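What follows is the content of structure.txt (compact mmCIF, C-alpha atoms and all ligand atoms).
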```txt
# COMPACT_ATOMS: atom_id res chain seq x y z
CA MET A 270 0.00 0.00 0.00
CA SER A 271 1.46 3.39 -0.95
CA THR A 272 1.63 6.03 1.75
CA PRO A 273 -0.20 9.28 0.93
CA THR A 274 2.20 12.11 0.02
CA LYS A 275 2.23 14.97 2.48
CA ASP A 276 1.02 18.36 1.28
CA ILE A 277 3.71 21.03 1.08
CA TYR A 278 2.73 24.44 2.43
CA ILE A 279 5.20 27.31 1.97
CA LEU A 280 4.79 30.71 3.58
CA GLY A 281 6.48 33.48 1.57
CA ILE A 282 7.51 36.79 3.11
CA GLU A 283 8.49 39.90 1.13
CA SER A 284 9.79 43.12 2.71
CA SER A 285 12.51 44.40 0.36
CA CYS A 286 11.12 47.88 -0.29
CA ASP A 287 7.82 49.52 0.64
CA ASP A 288 5.34 46.63 0.45
CA THR A 289 4.93 44.14 3.29
CA SER A 290 3.57 40.94 1.82
CA ALA A 291 2.84 37.36 2.88
CA ALA A 292 1.58 34.48 0.75
CA VAL A 293 0.85 30.78 1.10
CA ILE A 294 1.50 28.19 -1.62
CA LYS A 295 0.22 24.63 -1.35
CA ASN A 296 1.95 22.09 -3.61
CA GLY A 297 2.79 24.89 -6.05
CA LYS A 298 -0.72 26.41 -6.11
CA ILE A 299 -1.35 29.81 -4.55
CA LEU A 300 -3.82 30.00 -1.66
CA SER A 301 -3.29 33.61 -0.55
CA ASN A 302 -1.22 36.68 -1.43
CA VAL A 303 -1.70 39.59 0.97
CA ILE A 304 -0.01 42.95 0.37
CA ALA A 305 0.09 45.84 2.86
CA ARG A 306 1.14 48.97 0.99
CA GLN A 307 2.83 51.95 2.64
CA ASP A 308 1.15 55.17 1.53
CA ILE A 309 3.36 57.26 3.83
CA HIS A 310 6.07 57.61 1.12
CA ALA A 311 3.81 59.40 -1.40
CA LYS A 312 4.27 62.83 0.15
CA TYR A 313 8.07 62.49 0.25
CA GLY A 314 8.41 61.78 -3.47
CA GLY A 315 10.15 58.42 -2.91
CA VAL A 316 10.65 55.61 -0.42
CA VAL A 317 12.10 56.80 2.91
CA PRO A 318 14.06 53.75 4.15
CA GLU A 319 13.64 54.44 7.87
CA LEU A 320 9.88 54.89 7.52
CA ALA A 321 9.66 51.73 5.40
CA SER A 322 11.36 49.63 8.12
CA ARG A 323 9.03 50.96 10.80
CA ALA A 324 5.95 50.29 8.69
CA HIS A 325 7.16 46.72 7.96
CA GLN A 326 7.45 46.18 11.74
CA GLN A 327 3.83 47.28 12.16
CA HIS A 328 2.48 45.33 9.21
CA ILE A 329 4.30 42.02 9.28
CA ILE A 330 2.33 40.15 11.94
CA PRO A 331 -1.15 41.18 10.73
CA THR A 332 -0.14 40.51 7.09
CA VAL A 333 1.08 36.98 7.87
CA SER A 334 -2.02 36.29 10.02
CA VAL A 335 -4.34 37.32 7.19
CA ALA A 336 -2.36 35.25 4.64
CA LEU A 337 -2.69 32.13 6.82
CA GLU A 338 -6.36 32.85 7.48
CA GLN A 339 -7.16 33.35 3.79
CA ALA A 340 -5.31 30.11 3.00
CA GLY A 341 -7.45 28.36 5.61
CA ILE A 342 -4.47 26.90 7.45
CA SER A 343 -2.73 27.27 10.80
CA LYS A 344 0.97 28.08 11.15
CA HIS A 345 1.44 24.50 12.36
CA ASP A 346 0.54 23.25 8.87
CA LEU A 347 3.51 25.05 7.30
CA SER A 348 6.31 22.96 5.77
CA GLY A 349 8.79 25.81 5.26
CA ILE A 350 9.23 29.58 5.31
CA ALA A 351 10.71 31.51 2.38
CA PHE A 352 11.81 35.12 2.72
CA THR A 353 13.41 37.80 0.55
CA ARG A 354 17.11 37.98 1.42
CA GLY A 355 17.88 40.75 -1.07
CA PRO A 356 18.40 42.88 -3.04
CA GLY A 357 16.58 45.74 -1.34
CA LEU A 358 16.72 48.22 1.51
CA MET A 359 18.74 46.77 4.39
CA GLY A 360 16.42 47.93 7.19
CA ALA A 361 13.37 46.69 5.33
CA LEU A 362 14.96 43.31 4.54
CA LEU A 363 15.97 42.86 8.18
CA VAL A 364 12.33 42.94 9.29
CA GLY A 365 11.23 40.11 6.97
CA THR A 366 14.41 38.10 7.51
CA SER A 367 14.22 38.29 11.31
CA PHE A 368 10.54 37.44 11.31
CA ALA A 369 11.07 34.44 9.00
CA LYS A 370 14.00 33.17 11.08
CA SER A 371 12.07 33.40 14.35
CA LEU A 372 8.97 31.69 12.99
CA ALA A 373 10.96 28.91 11.32
CA MET A 374 12.85 28.32 14.57
CA ALA A 375 9.67 28.33 16.68
CA LEU A 376 7.96 25.87 14.33
CA ASP A 377 11.15 23.87 13.73
CA ILE A 378 10.70 23.91 9.94
CA PRO A 379 13.12 24.73 7.08
CA LEU A 380 14.08 28.31 6.28
CA ILE A 381 14.53 29.24 2.61
CA GLU A 382 16.26 32.36 1.29
CA VAL A 383 14.98 33.92 -1.93
CA ASN A 384 16.58 36.42 -4.31
CA HIS A 385 13.94 39.08 -5.01
CA MET A 386 14.88 39.34 -8.71
CA GLN A 387 14.63 35.57 -9.19
CA GLY A 388 11.26 35.86 -7.48
CA HIS A 389 10.03 38.39 -10.05
CA VAL A 390 11.00 35.99 -12.87
CA LEU A 391 9.54 32.90 -11.20
CA ALA A 392 6.24 34.72 -10.59
CA HIS A 393 5.44 33.29 -14.04
CA PHE A 394 5.10 29.86 -12.42
CA ILE A 395 2.44 30.86 -9.88
CA GLU A 396 -0.68 28.80 -10.54
CA LYS A 397 -4.17 28.76 -9.04
CA GLU A 398 -6.07 25.55 -8.29
CA GLY A 399 -8.12 24.48 -11.31
CA GLU A 400 -6.57 27.12 -13.58
CA ASP A 401 -5.56 26.11 -17.09
CA LYS A 402 -2.35 28.07 -17.47
CA VAL A 403 0.57 27.78 -19.87
CA ASN A 404 3.97 28.49 -18.30
CA PRO A 405 7.08 29.55 -20.24
CA SER A 406 9.42 26.75 -21.34
CA PHE A 407 13.14 26.84 -20.62
CA PRO A 408 15.10 28.59 -21.94
CA PHE A 409 13.09 31.81 -22.04
CA LEU A 410 13.98 35.49 -21.88
CA CYS A 411 12.57 37.74 -19.20
CA LEU A 412 12.66 41.52 -19.25
CA THR A 413 12.51 42.39 -15.54
CA VAL A 414 11.60 46.02 -15.07
CA SER A 415 11.07 47.40 -11.59
CA GLY A 416 11.79 50.47 -9.49
CA GLY A 417 15.30 49.25 -8.68
CA HIS A 418 16.27 47.07 -11.66
CA THR A 419 16.11 46.71 -15.42
CA GLN A 420 17.45 43.35 -16.52
CA LEU A 421 17.36 41.11 -19.55
CA VAL A 422 17.56 37.61 -18.08
CA LYS A 423 18.08 34.32 -19.90
CA VAL A 424 16.27 31.71 -17.82
CA SER A 425 17.62 28.23 -18.57
CA ASP A 426 16.04 26.59 -15.51
CA TYR A 427 14.36 27.64 -12.27
CA PHE A 428 17.68 28.57 -10.69
CA ASP A 429 19.86 28.83 -13.75
CA MET A 430 19.49 32.49 -14.72
CA GLU A 431 21.95 34.72 -16.50
CA VAL A 432 21.69 38.51 -16.64
CA MET A 433 22.47 39.26 -20.31
CA GLY A 434 22.05 43.03 -19.97
CA GLU A 435 21.03 45.62 -17.43
CA THR A 436 20.87 49.32 -16.80
CA MET A 437 24.05 51.28 -16.24
CA ASP A 438 22.25 53.95 -14.20
CA ASP A 439 18.53 54.42 -13.45
CA ALA A 440 16.04 51.55 -13.63
CA ALA A 441 12.98 51.86 -15.91
CA GLY A 442 10.62 52.24 -12.94
CA GLU A 443 12.92 54.87 -11.46
CA ALA A 444 12.80 56.73 -14.80
CA PHE A 445 8.98 56.65 -14.72
CA ASP A 446 8.95 57.84 -11.09
CA LYS A 447 11.54 60.60 -11.55
CA MET A 448 9.81 61.97 -14.65
CA ALA A 449 6.48 61.81 -12.82
CA LYS A 450 8.05 63.81 -9.98
CA ILE A 451 9.15 66.48 -12.49
CA LEU A 452 5.49 66.64 -13.55
CA GLY A 453 4.47 67.09 -9.90
CA PHE A 454 2.90 63.63 -9.43
CA PRO A 455 3.12 61.81 -6.06
CA TYR A 456 5.31 58.70 -5.64
CA PRO A 457 5.13 56.17 -7.26
CA GLY A 458 4.34 58.11 -10.43
CA GLY A 459 4.65 55.21 -12.92
CA PRO A 460 1.00 54.16 -12.65
CA LEU A 461 -0.12 57.81 -13.04
CA ILE A 462 1.93 58.29 -16.22
CA ASP A 463 0.29 55.10 -17.51
CA ARG A 464 -3.18 56.45 -16.66
CA TYR A 465 -2.72 59.89 -18.27
CA ALA A 466 -0.95 58.38 -21.31
CA LYS A 467 -4.13 56.53 -22.27
CA GLU A 468 -5.73 59.89 -23.18
CA GLY A 469 -2.68 61.29 -24.96
CA ASP A 470 -0.93 61.30 -28.33
CA LYS A 471 2.39 59.47 -28.12
CA THR A 472 3.75 61.27 -31.20
CA ALA A 473 3.09 64.74 -29.73
CA PHE A 474 6.65 65.22 -28.41
CA THR A 475 9.83 63.46 -29.43
CA PHE A 476 12.80 62.48 -27.30
CA SER A 477 16.07 61.03 -28.52
CA HIS A 478 16.82 57.37 -28.00
CA PRO A 479 19.79 56.76 -25.64
CA GLN A 480 22.69 55.01 -27.38
CA THR A 481 24.11 52.18 -25.27
CA LYS A 482 26.29 49.16 -25.95
CA GLU A 483 25.00 45.63 -26.62
CA TYR A 484 22.14 44.80 -24.26
CA THR A 485 22.72 47.53 -21.70
CA TYR A 486 20.28 50.31 -20.86
CA SER A 487 20.60 53.90 -19.68
CA PHE A 488 17.75 56.12 -18.55
CA SER A 489 19.48 58.98 -16.75
CA GLY A 490 20.16 60.93 -19.97
CA LEU A 491 16.51 60.62 -20.93
CA LYS A 492 15.55 62.02 -17.54
CA THR A 493 17.83 65.07 -18.05
CA GLN A 494 16.45 65.52 -21.57
CA PHE A 495 12.94 65.44 -20.12
CA MET A 496 13.78 67.89 -17.32
CA ASN A 497 15.17 70.40 -19.84
CA PHE A 498 12.20 69.90 -22.14
CA ILE A 499 9.75 70.71 -19.31
CA ARG A 500 11.82 73.64 -18.04
CA ASN A 501 12.14 75.22 -21.52
CA ASN A 502 8.45 74.87 -22.23
CA GLU A 503 7.40 76.17 -18.81
CA GLN A 504 9.53 79.28 -19.39
CA LYS A 505 7.37 80.03 -22.43
CA ASN A 506 4.07 78.89 -20.92
CA ALA A 507 3.64 78.37 -17.16
CA GLN A 508 0.58 76.18 -17.82
CA PHE A 509 2.46 73.87 -20.22
CA VAL A 510 2.32 70.71 -18.07
CA GLU A 511 -1.30 71.22 -17.07
CA GLN A 512 -2.39 71.87 -20.68
CA HIS A 513 -0.44 68.97 -22.23
CA LYS A 514 -0.33 66.41 -19.41
CA ALA A 515 -1.75 63.49 -21.40
CA ASP A 516 0.45 64.08 -24.47
CA ILE A 517 3.57 64.50 -22.32
CA CYS A 518 2.85 61.24 -20.46
CA ALA A 519 2.07 59.34 -23.67
CA SER A 520 5.27 60.58 -25.36
CA ILE A 521 7.61 59.84 -22.47
CA GLN A 522 6.06 56.43 -21.83
CA ASP A 523 6.44 55.60 -25.51
CA ILE A 524 10.16 56.34 -25.62
CA ILE A 525 10.83 54.32 -22.43
CA ILE A 526 9.00 51.34 -23.95
CA LYS A 527 10.78 51.72 -27.32
CA VAL A 528 14.12 51.67 -25.50
CA LEU A 529 13.16 48.57 -23.49
CA PHE A 530 11.95 46.61 -26.52
CA ALA A 531 14.83 47.55 -28.83
CA LYS A 532 17.30 45.52 -26.73
CA LEU A 533 14.82 42.75 -25.99
CA LYS A 534 14.23 42.19 -29.74
CA LYS A 535 17.95 42.19 -30.44
CA LEU A 536 18.65 39.63 -27.70
CA ALA A 537 15.74 37.37 -28.69
CA GLU A 538 17.08 37.29 -32.25
CA ALA A 539 20.67 36.66 -31.18
CA GLU A 540 19.66 33.81 -28.84
CA GLY A 541 16.98 32.39 -31.13
CA ILE A 542 14.56 32.26 -28.18
CA LYS A 543 10.84 32.62 -28.79
CA ASP A 544 9.41 32.36 -25.26
CA ILE A 545 9.48 35.94 -24.00
CA ALA A 546 8.30 37.19 -20.61
CA ILE A 547 8.10 40.46 -18.72
CA ALA A 548 8.21 40.85 -14.95
CA GLY A 549 8.50 43.47 -12.19
CA GLY A 550 6.43 46.52 -11.29
CA VAL A 551 6.72 48.23 -14.69
CA SER A 552 5.27 45.12 -16.36
CA ALA A 553 1.94 46.40 -14.99
CA ASN A 554 2.16 49.19 -17.59
CA SER A 555 -0.69 48.89 -20.08
CA GLN A 556 1.25 49.99 -23.18
CA LEU A 557 4.15 47.67 -22.35
CA ARG A 558 1.74 44.74 -21.97
CA GLN A 559 -0.11 45.53 -25.20
CA GLU A 560 3.07 46.08 -27.21
CA LEU A 561 4.65 42.84 -25.98
CA PHE A 562 1.53 41.00 -27.06
CA ASP A 563 1.55 42.71 -30.49
CA LEU A 564 5.27 42.08 -30.90
CA GLY A 565 4.68 38.42 -30.06
CA VAL A 566 2.09 38.12 -32.83
CA LYS A 567 4.43 39.82 -35.31
CA LYS A 568 7.55 37.83 -34.38
CA GLY A 569 5.94 34.46 -33.69
CA TRP A 570 6.90 34.60 -30.00
CA ARG A 571 4.94 33.04 -27.16
CA THR A 572 4.62 35.96 -24.75
CA PHE A 573 4.08 35.76 -21.00
CA ILE A 574 2.57 38.68 -19.13
CA PRO A 575 1.98 38.21 -15.38
CA ASN A 576 -1.32 38.96 -13.64
CA PHE A 577 -1.27 42.48 -12.17
CA GLU A 578 -0.99 41.24 -8.58
CA TYR A 579 2.23 39.37 -9.42
CA CYS A 580 3.91 42.28 -11.28
CA THR A 581 4.63 44.66 -8.40
CA ASP A 582 6.28 43.37 -5.23
CA ASN A 583 4.37 40.47 -3.71
CA ALA A 584 5.09 37.44 -1.54
CA GLY A 585 3.44 35.03 -3.99
CA MET A 586 6.60 35.19 -6.10
CA ILE A 587 8.73 34.55 -2.99
CA ALA A 588 6.57 31.60 -1.96
CA ILE A 589 6.70 29.95 -5.42
CA THR A 590 10.48 30.38 -5.55
CA GLY A 591 10.66 28.97 -2.01
CA TYR A 592 8.51 26.01 -3.06
CA HIS A 593 10.93 25.07 -5.86
CA LYS A 594 13.88 25.42 -3.46
CA TYR A 595 12.00 23.28 -0.92
CA LEU A 596 11.65 20.53 -3.54
CA ARG A 597 15.42 20.71 -4.04
CA GLY A 598 16.15 20.70 -0.29
CA GLU A 599 17.85 24.10 -0.49
CA PHE A 600 17.57 25.41 3.04
CA VAL A 601 19.56 27.94 5.07
CA GLY A 602 20.54 28.13 8.74
CA GLN A 603 19.75 30.66 11.44
CA ASP A 604 23.05 32.46 10.73
CA ILE A 605 21.69 33.83 7.43
CA THR A 606 21.70 37.63 7.05
CA PRO A 607 20.01 39.88 4.46
CA MET A 608 22.02 41.44 1.64
CA ALA A 609 21.12 44.83 0.17
CA ARG A 610 23.02 43.91 -2.99
CA LEU A 611 22.43 40.36 -4.07
CA LYS A 612 23.10 39.17 -7.58
CA ILE A 613 20.94 36.65 -9.45
O1 LIG A 701 8.65 45.58 -8.67
P1 LIG A 701 8.22 46.78 -7.91
O2 LIG A 701 6.88 46.74 -7.21
O3 LIG A 701 9.26 47.19 -6.83
C1 LIG A 701 10.62 47.09 -6.99
O4 LIG A 701 11.16 45.97 -6.78
O5 LIG A 701 11.20 48.13 -7.38
O6 LIG A 701 8.24 48.00 -8.97
C2 LIG A 701 7.83 49.29 -8.61
C3 LIG A 701 7.97 50.19 -9.83
C4 LIG A 701 7.78 51.68 -9.51
O7 LIG A 701 8.85 52.39 -10.10
C5 LIG A 701 6.45 52.00 -10.18
O8 LIG A 701 6.33 53.33 -10.62
C6 LIG A 701 6.46 51.05 -11.35
O9 LIG A 701 7.00 49.84 -10.82
N1 LIG A 701 5.12 50.81 -11.89
C7 LIG A 701 4.71 51.24 -13.11
C8 LIG A 701 3.35 50.85 -13.25
N2 LIG A 701 2.98 50.19 -12.11
C9 LIG A 701 4.08 50.17 -11.29
N3 LIG A 701 5.37 51.91 -14.08
C10 LIG A 701 4.70 52.19 -15.20
N4 LIG A 701 3.40 51.86 -15.40
C11 LIG A 701 2.70 51.20 -14.47
N5 LIG A 701 1.43 50.87 -14.68
ZN ZN A 702 10.53 44.17 -7.02
```

I'd like the structure from this file rewritten - as structure tokens, please.
Amino acid sequence: MSTPTKDIYILGIESSCDDTSAAVIKNGKILSNVIARQDIHAKYGGVVPELASRAHQQHIIPTVSVALEQAGISKHDLSGIAFTRGPGLMGALLVGTSFAKSLAMALDIPLIEVNHMQGHVLAHFIEKEGEDKVNPSFPFLCLTVSGGHTQLVKVSDYFDMEVMGETMDDAAGEAFDKMAKILGFPYPGGPLIDRYAKEGDKTAFTFSHPQTKEYTYSFSGLKTQFMNFIRNNEQKNAQFVEQHKADICASIQDIIIKVLFAKLKKLAEAEGIKDIAIAGGVSANSQLRQELFDLGVKKGWRTFIPNFEYCTDNAGMIAITGYHKYLRGEFVGQDITPMARLKI
């Protein structure tokens, strides 16, 4: 008689920046994904690390409790705890890491460290019970675009990832947020640019395409170009931004997306890879999603666009990465420490 296999429940914890999140995965299927956002940073125009750490301290216990409750399990059902080790803000990472270590010790279950950027990529493997979903096949390319990173990653297996190109200065999300700040929008401004762009004409204003080597990106020159463009126009007409908000947003969004796709297309051709994915907070952008889909049709690619809740920071992606590490028996000890800079 065969013995029934034991269900595997992984709790994921994410606290690398300004979202406190907890999620539960059962045998690879997501049961809950709870995100507590920190609105406090909006008025400061960016994430204030000290405030982020304090808010994580306040949010972590209720967030984990709700994630367990929504999953319909008790903490005693957990098989392992996965947490974001880095990259991210040190104070913020310390909260999630310390919490995960304590809970794993108290429950005497394995502790699993997760690289946040691997998590964004592996978010593509999150599945729901009963869902008929097609996952990317290895090897695939993933354009990971977030507030802190812009990477072109060749994914040969779950934990065999190679960064083929990245930004030399600002990340794509940072470019969105900095340009939004110039326009007077609150942080994070990326989603607002996306919203206004829908009403605008993307050919209204033109910006020059940054020239960078191979598969690398650069957005800081574009930001300076944009700052000068706004300043010059405001000198002539103080109402310039107010009167042309939608066209400005559509035009700047369009150039950022053109820059992102130019290198992605080049790399896909060079590698002969046709499974193409996007990940990270900026992959929530509506034009980016639509253009990847259109590009896929034109180039014969299979394209993979994550659900909105798995684009921006979330613990579901940490839990699924933790699940695959659990299957491989990749655990860490209580001496583990977070790392603000952690490479894939
Ligand atoms: O992945 P994420 O939640 O956090 C980091 O790991 O950085 O990404 C946050 C970034 C922010 O820069 C935010 O402005 C951007 O993602 N973002 C967007 C959109 N939604 C979020 N940028 C453009 N359009 C959006 N719809
Ligand atoms: Zn992220």

Between range 454-549 of chain A and range 390-395 of chain A, at 10 Å or less, what are the per-residue closest atom pairs and their distances in Å? Count all atoms listed in the file, order by chain and rising residue number, and return it as CSV.
```
residue,atom,partner,partner_atom,distance
A:Ala546,CA,A:His393,CA,8.2
A:Ile547,CA,A:Val390,CA,7.9
A:Ala548,CA,A:Val390,CA,6.0
A:Gly549,CA,A:Val390,CA,7.9
```

Restrict the selected residues to C-alpha atoms and save them as a JSON list (two decimals), in the coordinates of the input.
```
[["chain", "number", "residue", "atom", "x", "y", "z"],
["A", 546, "ALA", "CA", 8.30, 37.19, -20.61],
["A", 547, "ILE", "CA", 8.10, 40.46, -18.72],
["A", 548, "ALA", "CA", 8.21, 40.85, -14.95],
["A", 549, "GLY", "CA", 8.50, 43.47, -12.19]]
```

With distances taken over all atoms listed in the file, the candidate from A:Gln420, A:Ser301, A:Thr606, A:Ser348 nearest ligand ZN 702 (chain A) is A:Gln420

Length of the CA of Asn576 in chain A to CA of Tyr465 in chain A vector [Å]:
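Interatomic distance, CA of Asn576 in chain A to CA of Tyr465 in chain A: 21.5 Å.
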
List the residues sitting within 8 Å of (10.9, 53.1, -13.8) in the file's frame, using only C-alpha atoms, as an NGL selection string.
:A and (414-417 or 439-447 or 459 or 551)

For chain A against ligand ZN 702 (chain A), with a cut-off of 8 Å and counting all atoms listed in the file, what is the closest atom pair and its distance in Å to one decimal for every residue that makes the cut, ordered by chain and number, as CSV?
```
residue,atom,partner,partner_atom,distance
A:Ser285,CA,A:ZN702,ZN,7.6
A:Cys286,CA,A:ZN702,ZN,7.7
A:His385,CA,A:ZN702,ZN,6.4
A:Met386,CA,A:ZN702,ZN,6.7
A:His389,CA,A:ZN702,ZN,6.5
A:Ser415,CA,A:ZN702,ZN,5.6
A:Gly416,CA,A:ZN702,ZN,6.9
A:Gly417,CA,A:ZN702,ZN,7.2
A:His418,CA,A:ZN702,ZN,7.9
A:Gly549,CA,A:ZN702,ZN,5.6
A:Gly550,CA,A:ZN702,ZN,6.4
A:Thr581,CA,A:ZN702,ZN,6.1
A:Asp582,CA,A:ZN702,ZN,4.7
A:Asn583,CA,A:ZN702,ZN,7.9
```

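The residue that comes closest to Leu533 in chain A, out of A:His345, A:Arg354, A:Lys594, A:Lys423 and on the basis of only C-alpha atoms, is A:Lys423.
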
In Å to one decimal, how far is CA of Lys275 in chain A from CA of Glu382 in chain A?
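Those two atoms sit 22.4 Å apart.
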
Considering all atoms listed in the file, return as a ChimeraX atom specification whatever protein or nucleic-acid residues lie within 12 Å of Gln339 in chain A, sequence-local ones (same chain, fewer than 2 positions apart) excluded.
/A:291-294,299-303,332-337,341-343

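Taking CA of Ala375 in chain A as the reference point, CA of Ile329 in chain A is found at 16.5 Å.
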
Determine, counting all atoms listed in the file, which protein, DNA and RNA residues have an atom within 12 Å of an atom of Lys535 in chain A; residues of the same chain fewer than 2 positions away are not included. Present the result as a list of chain:residue names.
A:Leu410, A:Leu421, A:Met433, A:Gly434, A:Lys482, A:Glu483, A:Tyr484, A:Thr485, A:Val528, A:Leu529, A:Phe530, A:Ala531, A:Lys532, A:Leu533, A:Ala537, A:Glu538, A:Ala539, A:Glu540, A:Gly541, A:Ile542, A:Lys568

Which residues are close to range 357-371 of chain A, i.e. within 9 Å by only C-alpha atoms, leaving aside same-chain residues fewer than 6 positions away? Reply as a ChimeraX atom specification.
/A:281-287,289,318-319,321-326,329-330,350-351,380-382,385,417,602-603,605-611

Could you give me, as a ChimeraX atom specification, the residues within 7 Å of Val424 in chain A, counting only C-alpha atoms and dropping anything in the same chain fewer than 5 positions from it?
/A:407-410,429-431

Quick one: everything within 10 Å of Lys471 in chain A, counting only C-alpha atoms, minus sequence neighbours fewer than 2 positions away in the same chain. Send it as number ranges by chain.
A: 466-469, 473-475, 515-524

For Ser425 in chain A, which of A:Leu557, A:Leu280, A:Cys411, A:Ile462 is the closest residue, counting all atoms listed in the file?
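The answer is A:Cys411, which sits nearest to Ser425 in chain A.
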
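The nearest approach to ligand LIG 701 (chain A) among the residues A:Phe509, A:Tyr456, A:Tyr592, A:Tyr486, with only C-alpha atoms and all ligand atoms taken into account, belongs to A:Tyr456.
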